There are 2 protein chains.
Amino acid sequence: MNKRIVLRQRPEGLVTWDDLAIEEAPLPELADGEALMEVELLGMDATVRSWMSQADGYLPPIEVGDVIRCSGIGRIIATRCDAYEIGDVGYSLPGMQTHAIVRDDFFTTKLPPDTELAPMLSVYGATGLTAYVGLIEVAKAQPGETVVVSAAAGATGSLVGQIAKHVLGCRVVGIASTPEKCRFVVEELGFDACISHRHDDLASSLKEHCPKRIDVYFDNVGGPILDAVLGRIAGGARIALCGAISVYNERRKPPGPANYLNLINLRASMIGFNAMDHWERFDEIREVLRGWVNEEKIQHVEHRFEGLESCVDALNALFTGANTGKVVVAL
Amino acid sequence: MNKRIVLRQRPEGLVTWDDLAIEEAPLPELADGEALMEVELLGMDATVRSWMSQADGYLPPIEVGDVIRCSGIGRIIATRCDAYEIGDVGYSLPGMQTHAIVRDDFFTTKLPPDTELAPMLSVYGATGLTAYVGLIEVAKAQPGETVVVSAAAGATGSLVGQIAKHVLGCRVVGIASTPEKCRFVVEELGFDACISHRHDDLASSLKEHCPKRIDVYFDNVGGPILDAVLGRIAGGARIALCGAISVYNERRKPPGPANYLNLINLRASMIGFNAMDHWERFDEIREVLRGWVNEEKIQHVEHRFEGLESCVDALNALFTGANTGKVVVAL
């Protein structure tokens with residue numbers, strides 16, 4: 001049997017079990033070109049919450065009644081697809097379910113059979129690709145520049161900060177929810193400083209920790225934090241817009257960043273990007289990241305939940321600030 | 001005697017004669033390296049208003065008591081500077097005065113003596129450079145793309161739309177204050193369509209006139225118009241941020257564009273720029289623009305005021321929507 005989580009109604013605010021249902025269904029029959037994956041690990045991303053809303057995103061919304069779309073990794077247990085043999089390990093978008101049909105398509109990548117699974121969802125998965133692309137290709141961070149990253153203790157933010165600090169040699173200032181997370185990214189990951197946006201005054205803290213202003217901002221959160229950073233950017237600053245976790249749960253669209261006016265005076269730019277656009281370079285970039293992990297320049301940080309039933313808590317952890325590192329759900 | 005307009009107090013809202021004073025003073029003695037320009041024509045730009053406020057811009061604020069900084073053109077009538085001879089014509093930032101000291105510096109360009117003066121402040125001046133740089137170098141508009149430009153009947157907007165339409169072969173939709181201006185840019189300048197933001201519903205008009213959404217937006221106004229355009233951008237859209245004329249007179253900073261979130265989903269970017277950064281290419285770009293004028297692809301549009309005393313009306317025309325084309329003041 002396949003156990004799966006489907007959308008019952010579009011959530012408002014944080015997701016609850018009123019919005020979702022767990023169903024059981026027989027394992028599907030495979031058509032030609034399909035393989036069956038037994039899912040071992042699911043990856044939680046803020047974008048999953050946005051897919052539950054009606055608004056258009058880079059992928060269409062999840063329809064009511066459909067399985068909740070999310071990334072995951074698992075092993076092929078049956079196949080009618082030439083690309084997969086039984087026992088193959090694959091990274092895909094299986095959704096919140098124990099068994100998923102995968103195809104030889106854009107969203108699915110075959111991995112070496114001895115792959116350690118958890119890092120494949122973070123540093124070697126879309127998270128790592130996102131951090132690399134946003135920091136290096138989009139924001140073009142340079143040695144010696146001041147880089148600020150929000151959701152600094154999160155999956156993407158923790159990688160961005162580590163790459164900026166230990167690979168590029170930037171000054172790196174994180175922004176995170178709690179003082180505990182700030183201590184973690186400074187003491188464990190080596191950031192130069194970290195600001196707790198729940199406890200510190202953002203504007204004065206940014207001034208203190210970014211004496212030469214901000215050259216690069218990797219934005220995961222949007223909202224008032226983006227606005228505060230825009231108030232402290234340097235000439236020619238590049239803001240890589242990765243996400244806006246602060247607004248995905250909002251019923252009404254919050255005000256935009258009034259300080260966007262600084263973009264004009266300071267010849268700065270805000271650039272939306274999506275790592276999906278660089279999917280064809282995934283293998284190449286993964287090897288670069290693997291080199292940095294092997295040189296101990298960056299480390300994988302994981303926050304693990306157990307069981308399909310933990311998916312709601314796991315997803316909400318991204319928004320309540322309960323997680324440190326990549327949130328995964330082991331099935 | 002030199003007649004000049006100085007800042008008496010920082011204005012709130014539209015500038016009035018309470019904020020400025022006309023003074024007369026003896027012509028200055030020249031030091032080595034200086035020349036005296038008799039100003040013939042002043043150019044009004046929205047940025048002049050922003051310089052009267054305390055806020056930092058790309059140039060420092062005008063101090064109380066100082067001459068109001070603005071662009072202008074005139075003839076050298078005395079010189080102790082090797083770069084200028086008596087009779088030379090120069091483009092500079094003389095400010096609102098009949099006589100100005102100029103130097104051989106960044107802000108001053110010597111022009112051929114037979115130069116027709118008015119176009120030097122618009123199509124062959126910073127206005128033309130701004131239109132060219134913003135549309136072609138910053139937004140990288142391509143043939144067949146949909147280009148929207150605000151303040152479409154203004155000095156910069158009218159050039160942007162003409163270049164996009166008649167040089168690049170884009171679909172061009174203007175946004176202007178009044179139906180009269182809309183008729184002007186469509187019938188006289190050849191835009192495909194123009195929306196009056198005072199009379200038309202912006203969102204539905206943008207939908208109607210931009211059926212393939214918006215690839216390039218050249219923003220002169222900021223505020224709710226920028227937000228509406230962000231609501232209709234295409235994937236990979238580029239927004240060249242040139243100015244924010246809608247906010248320069250505001251006492252409080254208005255809300256930012258809530259639809260900036262579309263930048264993320266649509267991998268779009270907002271890029272602040274300033275033509276000053278391309279000053280060293282001024283001569284080269286001016287020749288390109290001259291070619292287009294000679295081929296009758298673009299035309300110079302001018303709105304002329306007479307006399308130093310008309311400077312307040314001339315400047316305010318930019319904000320009240322009273323002008324069509326480049327606002328100049330003939331002295």
# chains A, B, ... in the order shown; residues from 1 in each chain; ligands from 1
>>> select_by_dssp(residues="region 48-296 of chain B", states="strand (DSSP E or B)", output="ChimeraX atom specification")
/B:67,71-79,89-92,97,99-102,109-111,146-150,154,171-176,193-196,214-219,233-241,256,269-272
>>> select_by_dssp(residues="region 189-243 of chain A", states="helix (DSSP H, G or I)", output="PyMOL selection string")
chain A and resi 202-209+223-230
>>> atom_distance(atom1="CA of Gly72 (chain B)", atom2="CA of Thr115 (chain B)")
13.8 Å
>>> closest_residue(among="A:Pro60, A:Pro11, A:Gly65, A:Gly144", to="chain B", atoms="only C-alpha atoms")
A:Pro60
>>> closest_atom_pairs(of="chain A", to="chain B", cutoff="8 Å", atoms="only C-alpha atoms", output="CSV")
residue,atom,partner,partner_atom,distance
A:Gly57,CA,B:Asn265,CA,5.3
A:Tyr58,CA,B:Asn265,CA,5.2
A:Leu241,CA,B:Ile264,CA,5.9
A:Cys242,CA,B:Ile264,CA,6.4
A:Gly243,CA,B:Ile264,CA,6.6
A:Ala244,CA,B:Leu261,CA,7.5
A:Lys253,CA,B:Ala258,CA,6.6
A:Pro254,CA,B:Ala258,CA,6.4
A:Pro255,CA,B:Ala258,CA,4.9
A:Gly256,CA,B:Ala258,CA,3.8
A:Pro257,CA,B:Gly256,CA,4.4
A:Ala258,CA,B:Gly256,CA,3.8
A:Asn259,CA,B:Gly256,CA,7.0
A:Tyr260,CA,B:Gly256,CA,6.7
A:Leu261,CA,B:Ala244,CA,7.5
A:Leu263,CA,B:Gly272,CA,4.8
A:Ile264,CA,B:Gly272,CA,4.1
A:Asn265,CA,B:Tyr58,CA,5.2
A:Leu266,CA,B:Tyr58,CA,7.0
A:Arg267,CA,B:Gly272,CA,4.4
A:Ala268,CA,B:Gly272,CA,5.2
A:Ser269,CA,B:Ile271,CA,4.2
A:Met270,CA,B:Met270,CA,5.2
A:Ile271,CA,B:Ser269,CA,4.2
A:Gly272,CA,B:Ile264,CA,4.1
A:Phe273,CA,B:Arg267,CA,4.5
A:Asn274,CA,B:Arg267,CA,6.6
>>> calpha_fit_and_write(fixed="chain B", moving="chain A", output="CSV table (one decimal) with C-alpha atoms, in the first residue's frame")
chain,number,residue,atom,x,y,z
A,1,MET,CA,25.9,91.0,-12.3
A,2,ASN,CA,25.0,87.3,-11.8
A,3,LYS,CA,21.4,86.6,-11.1
A,4,ARG,CA,20.8,83.3,-9.3
A,5,ILE,CA,18.3,81.1,-7.4
A,6,VAL,CA,19.4,79.8,-4.0
A,7,LEU,CA,17.8,77.4,-1.6
A,8,ARG,CA,16.2,79.3,1.3
A,9,GLN,CA,14.7,76.2,3.1
A,10,ARG,CA,14.2,72.6,2.2
A,11,PRO,CA,10.8,72.2,0.5
A,12,GLU,CA,8.1,69.9,1.5
A,13,GLY,CA,6.0,68.8,-1.5
A,14,LEU,CA,6.1,70.9,-4.6
A,15,VAL,CA,8.7,73.7,-4.5
A,16,THR,CA,7.4,77.2,-3.9
A,17,TRP,CA,9.1,80.7,-3.8
A,18,ASP,CA,9.0,80.4,-0.1
A,19,ASP,CA,11.7,77.7,-0.5
A,20,LEU,CA,13.9,79.6,-3.0
A,21,ALA,CA,15.2,83.2,-3.4
A,22,ILE,CA,16.5,85.1,-6.4
A,23,GLU,CA,19.7,87.0,-5.6
A,24,GLU,CA,22.0,89.2,-7.6
A,25,ALA,CA,25.7,89.2,-7.0
A,26,PRO,CA,28.7,90.6,-8.8
A,27,LEU,CA,30.3,88.3,-11.4
A,28,PRO,CA,32.9,86.2,-9.7
A,29,GLU,CA,36.7,86.7,-10.1
A,30,LEU,CA,38.2,83.7,-12.0
A,31,ALA,CA,40.9,81.6,-10.4
A,32,ASP,CA,43.4,79.6,-12.5
A,33,GLY,CA,41.7,76.7,-14.1
A,34,GLU,CA,38.3,78.4,-14.2
A,35,ALA,CA,36.1,79.8,-16.9
A,36,LEU,CA,33.0,81.9,-16.8
A,37,MET,CA,29.9,80.6,-18.7
A,38,GLU,CA,27.0,82.8,-19.7
A,39,VAL,CA,24.1,80.3,-19.3
A,40,GLU,CA,21.6,80.3,-22.2
A,41,LEU,CA,19.5,77.3,-21.4
A,42,LEU,CA,18.8,75.3,-18.3
A,43,GLY,CA,17.5,71.8,-18.2
A,44,MET,CA,14.9,70.7,-15.6
A,45,ASP,CA,15.2,67.2,-14.2
A,46,ALA,CA,13.2,65.5,-11.4
A,47,THR,CA,16.5,64.7,-9.7
A,48,VAL,CA,16.9,68.5,-9.0
A,49,ARG,CA,13.9,68.3,-6.6
A,50,SER,CA,15.5,65.3,-4.8
A,51,TRP,CA,18.8,67.3,-4.4
A,52,MET,CA,16.8,69.9,-2.4
A,53,SER,CA,15.9,67.3,0.2
A,54,GLN,CA,18.3,66.2,3.0
A,55,ALA,CA,18.5,62.6,1.8
A,56,ASP,CA,21.6,61.3,0.2
A,57,GLY,CA,21.4,60.7,-3.5
A,58,TYR,CA,24.1,60.1,-6.1
A,59,LEU,CA,25.2,63.7,-5.5
A,60,PRO,CA,25.1,65.4,-2.1
A,61,PRO,CA,22.1,67.5,-1.2
A,62,ILE,CA,22.1,71.2,-2.1
A,63,GLU,CA,22.9,73.1,1.0
A,64,VAL,CA,20.7,76.0,2.2
A,65,GLY,CA,22.1,79.2,0.7
A,66,ASP,CA,23.6,77.4,-2.3
A,67,VAL,CA,22.6,77.9,-5.9
A,68,ILE,CA,20.1,75.2,-7.1
A,69,ARG,CA,22.1,72.6,-9.0
A,70,CYS,CA,20.8,71.8,-12.5
A,71,SER,CA,22.1,71.1,-16.0
A,72,GLY,CA,22.6,73.8,-18.5
A,73,ILE,CA,24.3,75.0,-21.6
A,74,GLY,CA,26.0,78.3,-22.4
A,75,ARG,CA,28.9,80.1,-23.9
A,76,ILE,CA,32.3,80.9,-22.3
A,77,ILE,CA,32.7,84.7,-21.9
A,78,ALA,CA,35.9,84.7,-19.9
A,79,THR,CA,38.6,82.1,-19.2
A,80,ARG,CA,41.6,81.2,-17.2
A,81,CYS,CA,41.2,77.6,-18.1
A,82,ASP,CA,43.3,76.0,-20.9
A,83,ALA,CA,40.5,73.8,-21.9
A,84,TYR,CA,38.2,76.7,-22.9
A,85,GLU,CA,38.4,79.7,-25.2
A,86,ILE,CA,36.0,82.6,-25.3
A,87,GLY,CA,33.0,81.6,-27.5
A,88,ASP,CA,33.2,77.9,-26.7
A,89,VAL,CA,29.9,76.2,-26.1
A,90,GLY,CA,29.7,73.9,-23.1
A,91,TYR,CA,27.3,71.5,-21.4
A,92,SER,CA,27.6,71.5,-17.6
A,93,LEU,CA,25.9,71.7,-14.3
A,94,PRO,CA,25.8,75.5,-14.0
A,95,GLY,CA,22.8,75.6,-11.7
A,96,MET,CA,20.0,78.1,-11.8
A,97,GLN,CA,21.9,81.3,-12.5
A,98,THR,CA,22.8,83.5,-15.4
A,99,HIS,CA,26.6,83.0,-15.1
A,100,ALA,CA,28.5,80.0,-13.8
A,101,ILE,CA,32.1,79.1,-13.1
A,102,VAL,CA,33.0,75.9,-15.0
A,103,ARG,CA,36.2,73.8,-14.9
A,104,ASP,CA,37.7,71.1,-17.1
A,105,ASP,CA,36.0,68.5,-15.0
A,106,PHE,CA,33.7,65.5,-15.2
A,107,PHE,CA,30.5,67.5,-15.4
A,108,THR,CA,31.5,69.8,-18.3
A,109,THR,CA,31.6,68.9,-22.0
A,110,LYS,CA,32.8,71.2,-24.7
A,111,LEU,CA,30.5,71.2,-27.8
A,112,PRO,CA,31.1,72.3,-31.4
A,113,PRO,CA,30.4,76.0,-31.7
A,114,ASP,CA,27.6,75.7,-34.2
A,115,THR,CA,25.7,73.3,-31.9
A,116,GLU,CA,21.9,73.7,-31.8
A,117,LEU,CA,21.5,74.1,-28.0
A,118,ALA,CA,18.1,72.7,-27.0
A,119,PRO,CA,18.7,69.1,-28.1
A,120,MET,CA,22.0,69.1,-26.2
A,121,LEU,CA,20.0,69.1,-23.0
A,122,SER,CA,17.7,66.3,-24.1
A,123,VAL,CA,18.5,63.8,-26.9
A,124,TYR,CA,22.2,64.7,-27.0
A,125,GLY,CA,22.5,65.3,-23.3
A,126,ALA,CA,22.1,63.4,-20.1
A,127,THR,CA,18.5,62.6,-21.1
A,128,GLY,CA,19.5,60.8,-24.3
A,129,LEU,CA,22.3,59.1,-22.5
A,130,THR,CA,19.9,57.9,-19.8
A,131,ALA,CA,17.4,56.6,-22.3
A,132,TYR,CA,20.1,54.7,-24.3
A,133,VAL,CA,21.9,53.3,-21.3
A,134,GLY,CA,18.7,52.2,-19.4
A,135,LEU,CA,17.0,50.6,-22.4
A,136,ILE,CA,19.9,49.1,-24.2
A,137,GLU,CA,22.7,48.4,-21.7
A,138,VAL,CA,20.7,47.9,-18.5
A,139,ALA,CA,17.4,46.4,-19.6
A,140,LYS,CA,18.9,44.9,-22.7
A,141,ALA,CA,15.6,45.3,-24.7
A,142,GLN,CA,15.4,42.9,-27.6
A,143,PRO,CA,13.5,43.1,-30.9
A,144,GLY,CA,9.9,41.8,-30.5
A,145,GLU,CA,9.8,42.2,-26.7
A,146,THR,CA,7.2,44.2,-24.9
A,147,VAL,CA,8.6,47.4,-23.4
A,148,VAL,CA,6.6,49.6,-21.0
A,149,VAL,CA,7.8,53.1,-20.1
A,150,SER,CA,6.3,55.5,-17.6
A,151,ALA,CA,6.3,59.3,-17.8
A,152,ALA,CA,6.1,58.4,-21.5
A,153,ALA,CA,5.6,61.9,-22.7
A,154,GLY,CA,8.5,63.2,-20.6
A,155,ALA,CA,12.0,63.9,-21.9
A,156,THR,CA,13.4,60.5,-21.1
A,157,GLY,CA,10.3,58.4,-21.6
A,158,SER,CA,9.6,59.8,-25.0
A,159,LEU,CA,13.1,58.9,-26.1
A,160,VAL,CA,13.0,55.4,-24.6
A,161,GLY,CA,9.7,54.6,-26.3
A,162,GLN,CA,10.9,55.9,-29.7
A,163,ILE,CA,14.2,54.0,-29.5
A,164,ALA,CA,12.4,50.8,-28.4
A,165,LYS,CA,9.8,51.1,-31.2
A,166,HIS,CA,11.6,52.6,-34.2
A,167,VAL,CA,15.2,51.3,-33.6
A,168,LEU,CA,14.8,48.0,-31.8
A,169,GLY,CA,11.4,47.0,-33.1
A,170,CYS,CA,9.7,46.3,-29.7
A,171,ARG,CA,6.1,46.5,-28.8
A,172,VAL,CA,6.0,49.8,-26.9
A,173,VAL,CA,3.3,50.8,-24.3
A,174,GLY,CA,3.6,54.1,-22.6
A,175,ILE,CA,2.1,55.2,-19.3
A,176,ALA,CA,1.4,58.9,-18.9
A,177,SER,CA,-0.8,61.2,-16.8
A,178,THR,CA,-3.4,62.5,-19.3
A,179,PRO,CA,-5.2,61.2,-22.3
A,180,GLU,CA,-3.7,64.2,-24.3
A,181,LYS,CA,-0.2,63.0,-23.6
A,182,CYS,CA,-1.2,59.4,-24.5
A,183,ARG,CA,-2.5,60.6,-27.8
A,184,PHE,CA,0.7,62.5,-28.3
A,185,VAL,CA,3.0,59.5,-27.8
A,186,VAL,CA,0.8,57.2,-29.9
A,187,GLU,CA,0.0,59.6,-32.7
A,188,GLU,CA,3.2,61.7,-32.9
A,189,LEU,CA,5.8,59.4,-31.6
A,190,GLY,CA,4.4,56.1,-32.8
A,191,PHE,CA,4.0,54.1,-29.5
A,192,ASP,CA,1.7,51.1,-29.9
A,193,ALA,CA,-0.4,52.1,-27.0
A,194,CYS,CA,-0.5,54.4,-24.0
A,195,ILE,CA,-2.3,54.2,-20.7
A,196,SER,CA,-3.4,57.3,-18.7
A,197,HIS,CA,-2.8,56.4,-15.1
A,198,ARG,CA,-5.2,59.1,-14.0
A,199,HIS,CA,-8.1,57.8,-16.1
A,200,ASP,CA,-7.5,54.1,-16.9
A,201,ASP,CA,-7.4,51.1,-14.6
A,202,LEU,CA,-3.7,50.3,-14.7
A,203,ALA,CA,-3.9,46.5,-14.1
A,204,SER,CA,-6.5,45.8,-16.7
A,205,SER,CA,-5.0,48.2,-19.2
A,206,LEU,CA,-1.6,46.6,-18.8
A,207,LYS,CA,-3.3,43.2,-19.4
A,208,GLU,CA,-5.0,44.5,-22.5
A,209,HIS,CA,-2.0,46.2,-24.1
A,210,CYS,CA,0.6,43.7,-23.0
A,211,PRO,CA,-0.9,40.4,-24.0
A,212,LYS,CA,2.5,38.6,-23.8
A,213,ARG,CA,3.2,40.4,-20.5
A,214,ILE,CA,6.1,42.8,-20.0
A,215,ASP,CA,9.7,42.0,-20.8
A,216,VAL,CA,11.2,45.4,-20.1
A,217,TYR,CA,10.0,48.3,-17.9
A,218,PHE,CA,11.8,51.6,-17.9
A,219,ASP,CA,10.7,53.1,-14.6
A,220,ASN,CA,10.7,56.9,-14.1
A,221,VAL,CA,8.0,57.1,-11.5
A,222,GLY,CA,8.0,54.4,-8.9
A,223,GLY,CA,5.1,54.1,-6.5
A,224,PRO,CA,1.8,52.3,-7.5
A,225,ILE,CA,2.7,52.3,-11.2
A,226,LEU,CA,5.8,50.3,-10.6
A,227,ASP,CA,3.8,47.9,-8.4
A,228,ALA,CA,1.1,47.5,-11.2
A,229,VAL,CA,3.8,46.7,-13.8
A,230,LEU,CA,5.4,44.2,-11.5
A,231,GLY,CA,2.1,42.5,-11.4
A,232,ARG,CA,2.3,41.9,-15.2
A,233,ILE,CA,5.9,41.1,-15.8
A,234,ALA,CA,7.0,38.2,-18.0
A,235,GLY,CA,9.6,35.6,-17.0
A,236,GLY,CA,13.1,37.0,-17.1
A,237,ALA,CA,11.8,40.6,-17.1
A,238,ARG,CA,14.2,43.4,-16.6
A,239,ILE,CA,13.1,46.6,-14.8
A,240,ALA,CA,15.5,49.5,-15.3
A,241,LEU,CA,15.0,51.9,-12.3
A,242,CYS,CA,15.8,55.4,-13.6
A,243,GLY,CA,13.8,57.4,-11.1
A,244,ALA,CA,10.8,57.6,-8.8
A,245,ILE,CA,9.2,60.9,-9.7
A,246,SER,CA,6.1,59.9,-7.8
A,247,VAL,CA,7.9,60.0,-4.4
A,248,TYR,CA,10.3,62.9,-4.6
A,249,ASN,CA,7.7,65.3,-3.3
A,250,GLU,CA,6.4,63.0,-0.5
A,251,ARG,CA,7.0,63.8,3.1
A,252,ARG,CA,7.0,60.2,4.1
A,253,LYS,CA,8.5,57.3,2.2
A,254,PRO,CA,5.6,55.6,0.5
A,255,PRO,CA,5.2,51.8,0.7
A,256,GLY,CA,7.4,49.7,-1.6
A,257,PRO,CA,6.1,47.6,-4.4
A,258,ALA,CA,4.4,44.6,-2.8
A,259,ASN,CA,4.5,42.8,-6.2
A,260,TYR,CA,8.3,42.6,-6.0
A,261,LEU,CA,7.6,39.0,-5.0
A,262,ASN,CA,7.0,38.3,-8.7
A,263,LEU,CA,10.7,38.9,-9.2
A,264,ILE,CA,11.4,35.6,-7.5
A,265,ASN,CA,8.8,33.5,-9.3
A,266,LEU,CA,9.6,35.0,-12.6
A,267,ARG,CA,13.4,35.3,-12.3
A,268,ALA,CA,13.1,38.9,-13.0
A,269,SER,CA,15.3,41.8,-11.9
A,270,MET,CA,15.1,45.4,-10.9
A,271,ILE,CA,18.3,47.3,-11.7
A,272,GLY,CA,19.1,50.8,-10.5
A,273,PHE,CA,21.3,52.8,-12.8
A,274,ASN,CA,22.6,56.2,-13.4
A,275,ALA,CA,23.7,57.5,-16.8
A,276,MET,CA,26.6,59.4,-15.0
A,277,ASP,CA,28.3,56.0,-14.7
A,278,HIS,CA,28.6,56.0,-18.5
A,279,TRP,CA,29.7,59.6,-18.9
A,280,GLU,CA,33.0,58.5,-20.6
A,281,ARG,CA,30.9,57.0,-23.4
A,282,PHE,CA,28.9,60.1,-23.9
A,283,ASP,CA,30.5,61.2,-27.1
A,284,GLU,CA,30.2,57.7,-28.7
A,285,ILE,CA,26.5,57.3,-27.6
A,286,ARG,CA,25.6,60.8,-28.8
A,287,GLU,CA,26.8,60.0,-32.3
A,288,VAL,CA,24.6,56.9,-32.3
A,289,LEU,CA,21.6,59.0,-31.2
A,290,ARG,CA,22.5,61.6,-33.8
A,291,GLY,CA,22.3,58.9,-36.4
A,292,TRP,CA,18.9,57.9,-35.3
A,293,VAL,CA,17.7,61.5,-35.3
A,294,ASN,CA,19.1,61.9,-38.9
A,295,GLU,CA,17.3,58.8,-40.0
A,296,GLU,CA,14.1,60.3,-38.4
A,297,LYS,CA,13.7,57.3,-36.1
A,298,ILE,CA,13.6,59.5,-33.0
A,299,GLN,CA,12.7,63.1,-32.5
A,300,HIS,CA,13.5,65.7,-29.9
A,301,VAL,CA,10.5,67.1,-28.0
A,302,GLU,CA,10.9,70.2,-25.9
A,303,HIS,CA,8.7,72.2,-23.5
A,304,ARG,CA,10.2,75.7,-23.2
A,305,PHE,CA,9.9,78.2,-20.4
A,306,GLU,CA,11.3,81.7,-20.5
A,307,GLY,CA,13.4,83.5,-17.9
A,308,LEU,CA,15.0,82.5,-14.6
A,309,GLU,CA,11.8,83.4,-12.8
A,310,SER,CA,10.0,80.6,-14.5
A,311,CYS,CA,12.3,77.9,-12.9
A,312,VAL,CA,9.8,77.0,-10.2
A,313,ASP,CA,7.0,76.5,-12.6
A,314,ALA,CA,9.3,74.6,-15.0
A,315,LEU,CA,10.5,72.3,-12.3
A,316,ASN,CA,7.1,71.6,-10.9
A,317,ALA,CA,5.8,70.8,-14.4
A,318,LEU,CA,7.7,67.6,-14.1
A,319,PHE,CA,5.7,66.5,-11.1
A,320,THR,CA,2.3,67.9,-12.0
A,321,GLY,CA,2.3,66.3,-15.4
A,322,ALA,CA,2.2,69.7,-17.1
A,323,ASN,CA,5.0,69.0,-19.5
A,324,THR,CA,5.5,67.1,-22.8
A,325,GLY,CA,9.1,66.5,-23.6
A,326,LYS,CA,12.2,68.0,-22.1
A,327,VAL,CA,11.6,71.0,-19.9
A,328,VAL,CA,14.1,73.8,-20.6
A,329,VAL,CA,14.3,77.3,-19.3
A,330,ALA,CA,15.7,79.9,-21.7
A,331,LEU,CA,17.6,82.7,-20.0
>>> decode(residues="region 233-246 of chain A", atoms="N, CA and C atoms", output="CSV table (one decimal), in the first residue's frame")
chain,number,residue,atom,x,y,z
A,233,ILE,N,22.6,49.0,2.0
A,233,ILE,CA,23.4,48.5,0.9
A,233,ILE,C,24.5,49.5,0.4
A,234,ALA,N,25.5,48.9,-0.2
A,234,ALA,CA,26.6,49.7,-0.7
A,234,ALA,C,26.4,50.0,-2.2
A,235,GLY,N,27.1,50.9,-2.8
A,235,GLY,CA,27.0,51.1,-4.2
A,235,GLY,C,27.3,49.8,-5.0
A,236,GLY,N,26.4,49.6,-6.0
A,236,GLY,CA,26.6,48.4,-6.8
A,236,GLY,C,26.2,47.1,-6.2
A,237,ALA,N,25.5,47.2,-5.1
A,237,ALA,CA,25.1,46.0,-4.4
A,237,ALA,C,24.2,45.1,-5.2
A,238,ARG,N,24.3,43.8,-5.0
A,238,ARG,CA,23.5,42.8,-5.7
A,238,ARG,C,22.7,42.0,-4.6
A,239,ILE,N,21.4,42.0,-4.8
A,239,ILE,CA,20.5,41.3,-3.9
A,239,ILE,C,19.9,40.1,-4.7
A,240,ALA,N,20.3,38.9,-4.3
A,240,ALA,CA,19.8,37.7,-4.9
A,240,ALA,C,18.5,37.3,-4.2
A,241,LEU,N,17.4,37.3,-4.9
A,241,LEU,CA,16.1,37.0,-4.3
A,241,LEU,C,15.9,35.5,-4.4
A,242,CYS,N,16.0,34.8,-3.4
A,242,CYS,CA,15.8,33.4,-3.4
A,242,CYS,C,14.4,33.0,-3.0
A,243,GLY,N,13.9,33.7,-2.0
A,243,GLY,CA,12.6,33.4,-1.4
A,243,GLY,C,12.1,34.5,-0.5
A,244,ALA,N,10.9,34.3,0.0
A,244,ALA,CA,10.3,35.3,0.9
A,244,ALA,C,9.5,34.6,1.9
A,245,ILE,N,10.2,33.8,2.8
A,245,ILE,CA,9.6,32.9,3.7
A,245,ILE,C,8.7,33.7,4.7
A,246,SER,N,9.0,35.0,4.9
A,246,SER,CA,8.2,35.7,5.8
A,246,SER,C,6.8,36.0,5.3
